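Text of my_file_6.txt (compact mmCIF, C-alpha atoms) as supplied:
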```txt
# COMPACT_ATOMS: atom_id res chain seq x y z
CA MET R 98 101.23 156.90 118.23
CA ASN R 99 101.83 154.44 115.38
CA ARG R 100 99.99 151.16 116.06
CA ILE R 101 99.81 148.30 113.54
CA LEU R 102 98.54 144.76 114.08
CA ILE R 103 99.66 142.10 111.60
CA LYS R 104 97.29 139.11 111.74
CA ASN R 105 97.58 135.47 110.62
CA ALA R 106 101.19 135.67 109.41
CA ARG R 107 103.62 132.81 108.92
CA ILE R 108 106.28 134.36 111.17
CA VAL R 109 109.81 133.29 110.28
CA ASN R 110 112.42 133.76 113.01
CA GLU R 111 115.46 131.95 114.43
CA GLY R 112 114.96 128.70 112.57
CA THR R 113 111.21 128.33 113.06
CA ILE R 114 107.99 129.23 111.23
CA PHE R 115 104.85 129.70 113.30
CA GLU R 116 101.41 131.15 112.56
CA GLY R 117 100.60 134.15 114.67
CA ASP R 118 100.02 137.86 115.13
CA LEU R 119 102.45 140.72 115.72
CA PHE R 120 101.73 144.12 117.21
CA ILE R 121 103.81 147.18 116.37
CA GLU R 122 103.74 150.22 118.64
CA ASP R 123 105.68 153.31 117.61
CA LYS R 124 109.07 152.02 116.27
CA PHE R 125 109.09 148.69 118.04
CA ILE R 126 107.69 145.16 118.07
CA LYS R 127 105.47 145.30 121.14
CA GLU R 128 103.96 141.81 121.18
CA ILE R 129 104.14 138.48 119.34
CA ALA R 130 101.46 135.89 120.08
CA ASP R 131 99.16 133.27 118.57
CA LYS R 132 96.26 135.74 118.70
CA ILE R 133 96.30 139.46 119.52
CA SER R 134 93.17 141.62 119.74
CA PRO R 135 93.41 145.38 119.21
CA LYS R 136 93.18 147.13 122.58
CA THR R 137 92.33 150.59 121.19
CA GLY R 138 90.44 151.85 118.17
CA ASP R 139 93.39 153.50 116.43
CA VAL R 140 95.10 150.27 115.31
CA LYS R 141 95.72 149.60 111.62
CA ILE R 142 95.09 145.90 110.94
CA ILE R 143 96.88 144.02 108.14
CA ASP R 144 95.80 140.47 107.32
CA ALA R 145 98.88 138.52 106.20
CA GLU R 146 97.19 135.14 105.78
CA GLY R 147 99.20 132.85 103.51
CA SER R 148 102.21 135.18 103.56
CA PHE R 149 105.55 135.03 105.36
CA LEU R 150 106.46 137.74 107.87
CA ILE R 151 110.25 138.02 107.97
CA PRO R 152 112.75 140.42 109.53
CA GLY R 153 113.86 143.07 107.03
CA ALA R 154 117.05 142.11 105.22
CA ILE R 155 120.31 143.78 106.28
CA ASP R 156 122.41 144.25 103.14
CA ASP R 157 126.03 144.45 104.28
CA GLN R 158 127.43 145.68 100.97
CA VAL R 159 125.94 148.37 98.72
CA HIS R 160 127.28 151.23 96.61
CA PHE R 161 124.62 153.97 96.50
CA ARG R 162 126.89 156.43 94.62
CA GLU R 163 126.38 159.55 96.72
CA PRO R 164 128.27 161.85 96.81
CA GLY R 165 129.95 162.38 93.48
CA LEU R 166 128.38 159.74 91.22
CA THR R 167 124.73 160.71 91.60
CA HIS R 168 123.93 160.31 87.89
CA LYS R 169 124.05 156.55 88.66
CA GLY R 170 122.11 156.57 91.94
CA THR R 171 121.57 158.44 95.20
CA ILE R 172 120.97 157.38 98.79
CA GLU R 173 117.35 158.46 98.28
CA THR R 174 116.69 156.56 95.02
CA GLU R 175 118.52 153.37 95.92
CA SER R 176 117.20 153.13 99.50
CA ARG R 177 113.72 153.54 98.01
CA ALA R 178 114.38 150.57 95.72
CA ALA R 179 115.82 148.67 98.70
CA VAL R 180 112.67 148.95 100.84
CA ALA R 181 110.57 147.88 97.84
CA GLY R 182 112.84 144.83 97.78
CA GLY R 183 112.52 144.00 101.47
CA ILE R 184 115.91 145.42 102.52
CA THR R 185 115.36 147.61 105.58
CA SER R 186 119.01 148.32 106.49
CA PHE R 187 122.12 148.77 104.37
CA ILE R 188 125.86 149.20 104.85
CA GLU R 189 127.33 151.42 102.15
CA GLN R 190 130.88 151.35 100.86
CA PRO R 191 133.48 154.16 100.83
CA ASN R 192 134.35 154.35 97.11
CA THR R 193 132.16 157.36 96.41
CA VAL R 194 133.63 160.67 95.15
CA PRO R 195 135.44 161.83 97.16
CA ASN R 196 136.30 158.49 98.76
CA ALA R 197 135.17 158.29 102.40
CA VAL R 198 138.70 158.06 103.80
CA THR R 199 138.58 160.79 106.46
CA GLN R 200 136.22 161.03 109.43
CA GLU R 201 134.85 164.29 108.04
CA LEU R 202 134.03 162.83 104.61
CA LEU R 203 132.50 159.75 106.25
CA GLU R 204 130.29 161.90 108.45
CA GLN R 205 129.06 163.90 105.44
CA LYS R 206 127.51 160.71 104.06
CA TYR R 207 125.67 160.13 107.33
CA GLN R 208 124.32 163.67 107.12
CA ILE R 209 122.96 163.07 103.59
CA ALA R 210 121.33 159.80 104.67
CA SER R 211 119.72 161.37 107.74
CA GLN R 212 117.74 163.62 105.39
CA SER R 213 116.97 161.24 102.54
CA SER R 214 117.15 157.53 103.39
CA TYR R 215 114.06 155.30 103.34
CA ALA R 216 116.06 152.48 104.97
CA ASN R 217 118.34 152.32 108.01
CA TYR R 218 121.94 153.05 107.11
CA SER R 219 125.59 152.71 107.97
CA PHE R 220 128.69 153.70 106.01
CA MET R 221 132.06 152.01 106.07
CA MET R 222 135.30 153.88 106.62
CA GLY R 223 137.71 153.37 103.71
CA GLY R 224 141.33 152.36 104.21
CA THR R 225 144.10 153.49 101.86
CA ASN R 226 147.88 153.16 101.74
CA ASP R 227 148.25 156.35 103.79
CA ASN R 228 145.29 157.02 106.11
CA LEU R 229 145.92 154.69 109.07
CA GLU R 230 145.55 157.56 111.55
CA GLU R 231 142.06 158.39 110.22
CA VAL R 232 141.05 154.72 110.16
CA LEU R 233 141.94 154.33 113.83
CA LYS R 234 139.67 157.25 114.81
CA THR R 235 136.59 155.32 113.60
CA ASN R 236 133.89 154.92 116.25
CA PRO R 237 132.95 151.23 116.62
CA LYS R 238 129.56 152.14 118.14
CA ASN R 239 128.16 153.94 115.09
CA VAL R 240 130.24 152.85 112.06
CA ALA R 241 129.84 149.36 110.59
CA GLY R 242 133.50 148.66 109.86
CA ILE R 243 136.62 149.34 107.82
CA LYS R 244 136.61 148.53 104.08
CA LEU R 245 139.77 147.62 102.19
CA PHE R 246 140.04 147.04 98.45
CA LEU R 247 142.80 144.47 97.95
CA GLY R 248 142.04 144.61 94.23
CA SER R 249 141.11 147.85 92.49
CA SER R 250 137.42 148.42 91.95
CA THR R 251 135.24 151.45 91.24
CA GLY R 252 137.23 154.36 92.64
CA ASN R 253 140.91 154.59 93.48
CA MET R 254 141.24 152.82 96.81
CA LEU R 255 143.63 149.94 96.16
CA VAL R 256 145.56 149.04 99.32
CA ASP R 257 148.64 147.19 98.07
CA ASP R 258 151.29 148.13 100.62
CA GLU R 259 151.87 144.98 102.72
CA ALA R 260 153.27 146.94 105.68
CA VAL R 261 150.22 149.23 105.73
CA LEU R 262 147.87 146.24 105.54
CA GLU R 263 149.56 144.58 108.48
CA LYS R 264 149.35 147.81 110.50
CA ILE R 265 145.60 148.16 109.83
CA PHE R 266 144.98 144.47 110.64
CA SER R 267 147.07 144.71 113.82
CA ASN R 268 145.76 148.01 115.17
CA THR R 269 141.97 147.98 114.85
CA LYS R 270 139.51 145.78 116.73
CA MET R 271 136.80 146.75 114.26
CA LEU R 272 135.53 144.41 111.59
CA ILE R 273 137.65 144.69 108.42
CA ALA R 274 135.74 143.91 105.23
CA VAL R 275 137.79 143.12 102.13
CA HIS R 276 137.39 143.00 98.37
CA CYS R 277 139.85 140.27 97.35
CA GLU R 278 141.30 140.10 93.84
CA ASP R 279 145.03 140.03 93.16
CA GLU R 280 145.88 143.10 91.10
CA ALA R 281 149.14 141.75 89.63
CA THR R 282 147.40 138.64 88.28
CA ILE R 283 144.60 140.71 86.76
CA ARG R 284 147.04 143.09 85.04
CA VAL R 285 148.93 140.22 83.38
CA ASN R 286 145.66 138.64 82.19
CA LEU R 287 144.28 141.95 80.91
CA ALA R 288 147.44 142.75 78.95
CA LYS R 289 147.18 139.38 77.17
CA TYR R 290 143.58 140.05 76.06
CA ILE R 291 144.25 143.68 75.08
CA GLU R 292 147.05 142.44 72.84
CA GLN R 293 144.57 140.16 71.09
CA TYR R 294 141.41 142.33 71.01
CA GLY R 295 142.40 145.92 71.87
CA ASP R 296 139.83 147.66 74.10
CA ASP R 297 136.86 145.74 72.70
CA ILE R 298 137.45 142.44 74.51
CA PRO R 299 134.37 140.16 74.43
CA VAL R 300 132.85 140.34 77.91
CA LYS R 301 132.75 136.53 78.14
CA PHE R 302 136.50 136.73 78.89
CA HIS R 303 135.88 138.81 82.04
CA PRO R 304 136.17 135.71 84.32
CA GLU R 305 139.43 134.79 82.57
CA ILE R 306 140.84 138.28 83.20
CA ARG R 307 139.55 138.66 86.76
CA SER R 308 140.25 135.00 87.26
CA ALA R 309 139.50 132.46 89.96
CA GLU R 310 143.24 132.39 90.64
CA ALA R 311 143.28 136.18 91.25
CA CYS R 312 140.49 135.77 93.79
CA TYR R 313 142.09 132.86 95.61
CA ILE R 314 145.55 134.44 95.84
CA SER R 315 144.10 137.59 97.41
CA SER R 316 141.55 136.04 99.78
CA SER R 317 143.98 133.38 101.05
CA ARG R 318 146.56 136.12 101.78
CA ALA R 319 143.98 138.22 103.64
CA ILE R 320 142.93 135.22 105.72
CA GLU R 321 146.57 134.37 106.48
CA LEU R 322 147.14 137.96 107.66
CA ALA R 323 143.98 137.89 109.79
CA LYS R 324 145.11 134.68 111.48
CA LYS R 325 148.57 136.13 112.08
CA THR R 326 147.28 139.41 113.58
CA GLY R 327 144.03 138.23 115.20
CA ALA R 328 142.04 140.73 113.11
CA ARG R 329 138.27 140.40 112.70
CA LEU R 330 137.97 139.74 108.93
CA HIS R 331 134.86 139.60 106.72
CA VAL R 332 135.47 138.55 103.12
CA PHE R 333 133.04 140.15 100.69
CA HIS R 334 131.57 138.51 97.55
CA VAL R 335 133.27 135.10 97.52
CA SER R 336 132.91 133.93 93.91
CA THR R 337 134.91 130.70 93.42
CA ALA R 338 134.69 127.08 94.49
CA ARG R 339 138.29 127.07 95.70
CA GLU R 340 137.76 130.05 98.02
CA THR R 341 134.94 128.26 99.84
CA GLU R 342 137.55 125.84 101.21
CA LEU R 343 139.15 128.73 103.15
CA PHE R 344 136.18 129.05 105.52
CA THR R 345 134.91 126.84 108.33
CA ASN R 346 131.56 125.67 109.70
CA LYS R 347 133.15 123.91 112.67
CA ILE R 348 132.47 126.75 115.12
CA PRO R 349 129.36 128.87 115.85
CA LEU R 350 129.10 132.16 113.95
CA GLU R 351 129.45 134.15 117.17
CA ASP R 352 132.92 132.64 117.68
CA LYS R 353 134.19 133.10 114.13
CA LYS R 354 136.95 135.67 113.61
CA ILE R 355 136.82 135.15 109.83
CA THR R 356 133.45 135.26 108.04
CA ALA R 357 132.31 135.25 104.42
CA GLU R 358 129.64 136.73 102.20
CA VAL R 359 128.23 135.61 98.86
CA CYS R 360 126.24 137.87 96.53
CA ILE R 361 123.00 137.28 94.68
CA HIS R 362 124.59 137.48 91.21
CA HIS R 363 127.16 134.79 91.99
CA LEU R 364 124.35 132.49 93.19
CA TRP R 365 122.15 133.19 90.16
CA PHE R 366 124.23 133.74 86.99
CA THR R 367 127.08 131.78 85.38
CA ASP R 368 129.56 132.44 82.57
CA ALA R 369 127.01 130.90 80.17
CA ASP R 370 124.90 134.07 80.67
CA TYR R 371 127.49 136.50 79.24
CA ASP R 372 126.38 135.79 75.66
CA LYS R 373 122.86 137.00 76.43
CA LYS R 374 123.44 139.56 79.21
CA GLY R 375 126.84 140.95 78.21
CA ALA R 376 128.18 143.78 80.37
CA LEU R 377 124.93 143.85 82.39
CA ILE R 378 126.41 140.97 84.41
CA LYS R 379 129.96 142.33 84.42
CA TRP R 380 130.89 142.46 88.11
CA ASN R 381 134.11 142.45 90.11
CA PRO R 382 134.72 139.71 91.11
CA ALA R 383 133.42 138.16 87.91
CA VAL R 384 130.49 135.78 87.57
CA LYS R 385 132.23 132.46 86.96
CA THR R 386 131.36 128.84 86.08
CA ALA R 387 128.33 126.71 86.96
CA ALA R 388 130.70 124.58 89.09
CA ASP R 389 131.68 127.71 91.05
CA ARG R 390 128.02 128.63 91.51
CA ASP R 391 127.18 125.12 92.76
CA ALA R 392 130.08 125.25 95.24
CA LEU R 393 128.91 128.64 96.53
CA TRP R 394 125.41 127.25 97.14
CA LYS R 395 126.91 124.25 98.95
CA ALA R 396 129.07 126.48 101.19
CA LEU R 397 126.13 128.78 101.89
CA LEU R 398 123.90 125.89 102.94
CA ASP R 399 126.55 124.18 105.09
CA ASP R 400 127.43 127.48 106.84
CA ARG R 401 130.97 128.04 105.58
CA ILE R 402 129.48 131.15 103.94
CA ASP R 403 127.57 133.25 106.45
CA VAL R 404 125.79 136.07 104.60
CA VAL R 405 123.91 136.76 101.37
CA ALA R 406 124.21 140.37 100.15
CA THR R 407 123.91 142.31 96.90
CA ASP R 408 127.01 144.43 96.21
CA HIS R 409 124.39 146.72 94.59
CA ALA R 410 126.44 148.97 92.28
CA PRO R 411 124.45 150.84 89.63
CA HIS R 412 125.84 152.28 86.40
CA THR R 413 123.94 153.84 83.51
CA LEU R 414 123.11 151.76 80.44
CA GLU R 415 125.20 154.18 78.37
CA GLU R 416 128.24 153.44 80.55
CA LYS R 417 127.61 149.71 80.32
CA LYS R 418 127.58 149.92 76.49
CA ASN R 419 131.20 151.15 76.40
CA PRO R 420 133.96 148.83 75.11
CA TYR R 421 135.16 146.27 77.67
CA THR R 422 138.04 148.28 79.13
CA SER R 423 135.84 151.33 79.80
CA SER R 424 132.58 149.53 80.64
CA PRO R 425 132.27 149.69 84.45
CA SER R 426 131.71 146.62 86.61
CA GLY R 427 128.68 146.38 88.87
CA GLY R 428 124.91 146.28 88.66
CA PRO R 429 121.76 147.16 90.61
CA LEU R 430 120.25 144.42 92.81
CA VAL R 431 118.58 145.67 96.03
CA GLN R 432 115.02 145.61 94.67
CA HIS R 433 115.21 141.99 93.53
CA ALA R 434 117.57 140.22 95.96
CA VAL R 435 115.03 138.89 98.48
CA VAL R 436 112.61 137.61 95.82
CA ALA R 437 115.53 136.03 93.94
CA MET R 438 116.33 134.04 97.09
CA PHE R 439 112.65 133.13 97.42
CA GLU R 440 112.82 131.83 93.85
CA ALA R 441 115.52 129.45 95.09
CA TYR R 442 113.10 128.46 97.89
CA HIS R 443 110.47 127.59 95.26
CA GLN R 444 113.15 125.52 93.49
CA LYS R 445 113.72 123.69 96.82
CA LYS R 446 117.35 124.86 96.97
CA ILE R 447 116.97 126.66 100.32
CA SER R 448 114.42 127.00 103.13
CA VAL R 449 112.77 130.29 104.08
CA GLU R 450 114.31 129.93 107.55
CA LYS R 451 117.77 129.75 105.95
CA ILE R 452 117.10 132.79 103.75
CA VAL R 453 116.19 134.78 106.87
CA GLU R 454 119.28 133.50 108.68
CA LYS R 455 121.63 134.55 105.85
CA MET R 456 119.99 137.89 104.98
CA ALA R 457 118.87 139.19 108.41
CA HIS R 458 120.06 137.24 111.46
CA ASN R 459 123.68 136.69 110.41
CA PRO R 460 124.46 140.23 109.21
CA ALA R 461 123.03 141.45 112.53
CA LYS R 462 125.30 139.03 114.43
CA ILE R 463 128.44 139.66 112.35
CA PHE R 464 128.21 143.45 112.64
CA LYS R 465 126.61 143.35 116.13
CA VAL R 466 123.73 145.54 114.95
CA GLU R 467 121.66 146.78 117.90
CA LYS R 468 118.05 145.51 118.11
CA ARG R 469 117.60 144.62 114.44
CA GLY R 470 117.68 141.51 112.24
CA PHE R 471 115.29 139.42 114.37
CA ILE R 472 111.56 139.29 115.12
CA ARG R 473 111.70 139.81 118.88
CA GLU R 474 109.63 141.85 121.30
CA GLY R 475 111.45 145.11 122.05
CA TYR R 476 113.34 145.08 118.74
CA PHE R 477 112.85 147.69 116.02
CA ALA R 478 109.92 146.80 113.77
CA ASP R 479 111.92 146.32 110.55
CA LEU R 480 109.64 143.77 108.92
CA VAL R 481 108.67 142.44 105.50
CA ILE R 482 105.59 140.55 104.34
CA VAL R 483 106.35 138.21 101.41
CA ASN R 484 103.50 136.63 99.47
CA PRO R 485 104.89 133.35 98.04
CA GLY R 486 101.99 132.99 95.61
CA LEU R 487 101.90 136.34 93.81
CA PRO R 488 103.86 136.01 90.54
CA TRP R 489 105.19 139.06 88.71
CA ASN R 490 107.54 140.00 85.91
CA VAL R 491 110.47 142.43 86.16
CA LYS R 492 110.08 145.13 83.51
CA LYS R 493 111.20 148.71 82.90
CA GLU R 494 107.99 150.17 84.40
CA ASN R 495 108.43 148.52 87.80
CA ILE R 496 112.21 149.00 88.18
CA LEU R 497 112.94 151.68 90.82
CA TYR R 498 116.71 152.06 90.43
CA LYS R 499 117.81 155.47 89.19
CA CYS R 500 119.77 153.75 86.41
CA GLY R 501 116.47 152.30 85.15
CA TRP R 502 117.59 148.75 84.34
CA SER R 503 118.09 145.39 86.04
CA PRO R 504 119.96 142.21 85.14
CA PHE R 505 116.69 140.48 86.12
CA GLU R 506 114.63 142.31 83.49
CA GLY R 507 112.27 139.79 81.87
CA THR R 508 112.49 137.39 84.85
CA ASN R 509 109.29 135.98 86.33
CA PHE R 510 109.36 135.73 90.12
CA LYS R 511 106.83 133.56 91.96
CA SER R 512 106.97 135.60 95.20
CA ARG R 513 106.30 139.28 95.74
CA ILE R 514 106.86 141.63 98.65
CA SER R 515 103.59 143.26 99.67
CA HIS R 516 104.59 145.31 102.76
CA THR R 517 107.83 146.69 104.20
CA PHE R 518 108.07 148.33 107.63
CA VAL R 519 111.07 150.44 108.68
CA ASN R 520 111.16 151.46 112.35
CA GLY R 521 107.48 150.59 112.61
CA GLN R 522 106.44 152.76 109.66
CA LEU R 523 104.72 151.11 106.70
CA VAL R 524 106.97 152.50 103.95
CA TYR R 525 106.00 150.11 101.15
CA ASN R 526 102.46 148.91 100.59
CA ASN R 527 100.61 147.41 97.64
CA PHE R 528 103.65 147.82 95.41
CA LYS R 529 104.08 151.53 96.08
CA VAL R 530 106.80 153.22 98.15
CA LYS R 531 105.32 155.85 100.45
CA ASP R 532 107.19 159.14 100.86
CA ILE R 533 108.30 158.26 104.39
CA ARG R 534 112.05 158.60 104.86
CA CYS R 535 112.32 157.17 108.34
CA GLY R 536 115.64 155.37 108.06
CA GLU R 537 117.89 155.72 111.13
CA ARG R 538 121.62 155.39 111.66
CA LEU R 539 122.53 151.84 112.65
CA LEU R 540 124.17 151.44 116.04
CA PHE R 541 126.44 148.57 117.04
CA ASP R 542 126.70 146.70 120.31
CA ARG R 543 130.47 146.85 120.63
CA GLU R 544 132.95 147.93 123.29
```

Take the structure in the file and give it back as structure tokens.
Amino acid sequence: MNRILIKNARIVNEGTIFEGDLFIEDKFIKEIADKISPKTGDVKIIDAEGSFLIPGAIDDQVHFREPGLTHKGTIETESRAAVAGGITSFIEQPNTVPNAVTQELLEQKYQIASQSSYANYSFMMGGTNDNLEEVLKTNPKNVAGIKLFLGSSTGNMLVDDEAVLEKIFSNTKMLIAVHCEDEATIRVNLAKYIEQYGDDIPVKFHPEIRSAEACYISSSRAIELAKKTGARLHVFHVSTARETELFTNKIPLEDKKITAEVCIHHLWFTDADYDKKGALIKWNPAVKTAADRDALWKALLDDRIDVVATDHAPHTLEEKKNPYTSSPSGGPLVQHAVVAMFEAYHQKKISVEKIVEKMAHNPAKIFKVEKRGFIREGYFADLVIVNPGLPWNVKKENILYKCGWSPFEGTNFKSRISHTFVNGQLVYNNFKVKDIRCGERLLFDRE
């Protein structure tokens, strides 16, 4: 029997911080109290004095590249980096090779994860212009949702048939997550820059090509369709000030039919960083202006934006060095997302309670994840200890992504994760990931 007692922690949960102890038995949180004494001799005791104990982050959008793109990353390598970064559950996207657009291909990914994942996992079913029948077979109890690319991204999954979109929105009760960029707008912009520069367009023009207008056109259309059909819509990686106006904070999260996510890179970087970082911060949607970043922070803090995620999407450095038109968009983030948000806490931009709400509680509520995302007795012990006074520097030697680089390389973080527990197992301790692949398939409390 696995028994762990965490002593003297600053426990962060549901809007409060309180000093106390927490007892883990087997996979679950057995007891939370001011003081707990070990009742048997086989209890491992961890003193967390001065550190925060938070629920493990639930990252609702990652691309772990398996199957088919495993030179960039695998479920094993990237979930390992995730637990080192305090992410204990992830929801992976369908644009692997082959795309997860049939129930059989989707299930194959679950099989791989069951053997190799350090973190808990779910995989989204991909929608295309011609797989409605397969989409409607998706089991709401053990699959996170349906993913639609309304602008092309890595892979070939663009859904641009309006009639098909309306059918998907009208016929599934499952959460539909969308990547919103208007393809027609992007193509016109790209053609203009290719005419001027050929393939070697300076990367600083990326936010002009994949413009704020392209984002707004697409996300406003998706929201209009969701309102018309009553679909449950979740808009991934909102990146512009104007888009934030499409979302509301007038109703509780539990009652929202339309929710929004912002990603770490859009909260951290701006277009001023392209000169230094180049294609390393080339994402879709693009990192945009400082005014956009400020508006995203404002919407996150006032609850128009509900979730912080990563859109972790590794590529090799060699691929990133290609000319603009063949340099892929995306970057690795799961190892550094939680500490990046804690950096914002040190800068007094956000409270620790709010970080926990946006990275653990709200993803659990939006996706209706069973018994995770909160520090509650009877819940799975997916927990993270964060030391807010243990500075460190991101460098090649401590980067765990298979691609071997990070857009945060050279950054000094004031906080460091010291322990990560997945299903009660201590999988990360003293800055080393243990070879314990105890991730489980996420289940969802849905009818």

Could you give me, as a Markdown table, a per-residue list for segment 267-350 of chain R showing, wherever an atom lies at most 7 Å from an atom of segment 236-260 of chain R, the closest pair of atoms and their distance in Å to one decimal, using only C-alpha atoms and sorting by chain then residue number from low to high?
```
| residue | atom | partner | partner_atom | distance |
| --- | --- | --- | --- | --- |
| R:Met271 | CA | R:Gly242 | CA | 5.8 |
| R:Leu272 | CA | R:Gly242 | CA | 5.0 |
| R:Ile273 | CA | R:Ile243 | CA | 4.8 |
| R:Ala274 | CA | R:Lys244 | CA | 4.8 |
| R:Val275 | CA | R:Leu245 | CA | 4.9 |
| R:His276 | CA | R:Phe246 | CA | 4.8 |
| R:Cys277 | CA | R:Leu247 | CA | 5.2 |
| R:Glu278 | CA | R:Gly248 | CA | 4.6 |
| R:Asp279 | CA | R:Gly248 | CA | 5.6 |
| R:Glu280 | CA | R:Gly248 | CA | 5.2 |
```

Go ahead and write the selection's residues with C-alpha atoms as a PDB file, keeping the file's coordinate frame.
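This went into out_1.pdb:
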```pdb
ATOM      1  CA  MET R 271     136.800 146.750 114.260  1.00  0.00           C
ATOM      2  CA  LEU R 272     135.530 144.410 111.590  1.00  0.00           C
ATOM      3  CA  ILE R 273     137.650 144.690 108.420  1.00  0.00           C
ATOM      4  CA  ALA R 274     135.740 143.910 105.230  1.00  0.00           C
ATOM      5  CA  VAL R 275     137.790 143.120 102.130  1.00  0.00           C
ATOM      6  CA  HIS R 276     137.390 143.000  98.370  1.00  0.00           C
ATOM      7  CA  CYS R 277     139.850 140.270  97.350  1.00  0.00           C
ATOM      8  CA  GLU R 278     141.300 140.100  93.840  1.00  0.00           C
ATOM      9  CA  ASP R 279     145.030 140.030  93.160  1.00  0.00           C
ATOM     10  CA  GLU R 280     145.880 143.100  91.100  1.00  0.00           C
TER      11      GLU R 280
END
```

Item to check | Selection: 9 Å around Val194 of chain R, all atoms listed in the file, excl. self and same-chain fewer than 3 positions, as a ChimeraX atom specification | outcome: /R:162-166,191,197,252

Next on the checklist: Using only C-alpha atoms, can you tell me which of R:Tyr498, R:Val436, R:Asn484, R:Thr199 comes closest to Phe510 of chain R?
Outcome noted: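 Under the stated criterion, the closest residue is R:Val436.
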
Checklist entry - So, counting only C-alpha atoms, which residue among R:Thr235, R:Thr367, R:Thr517, R:Thr326 is closest to Ala178 of chain R? => result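 Counting only C-alpha atoms, the residue closest to Ala178 of chain R is R:Thr517.
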
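Pairwise distance (atom CA of Ser316 of chain R, atom CA of Asn192 of chain R) equals 19.9 Å.
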
Mind giving me the axis-aligned box for segment 457-475 of chain R with 8 Å on every side, centre plus edges in Å to one decimal, as JSON?
```
{"center_x": 119.0, "center_y": 141.7, "center_z": 115.2, "size_x": 34.8, "size_y": 26.1, "size_z": 29.6}
```
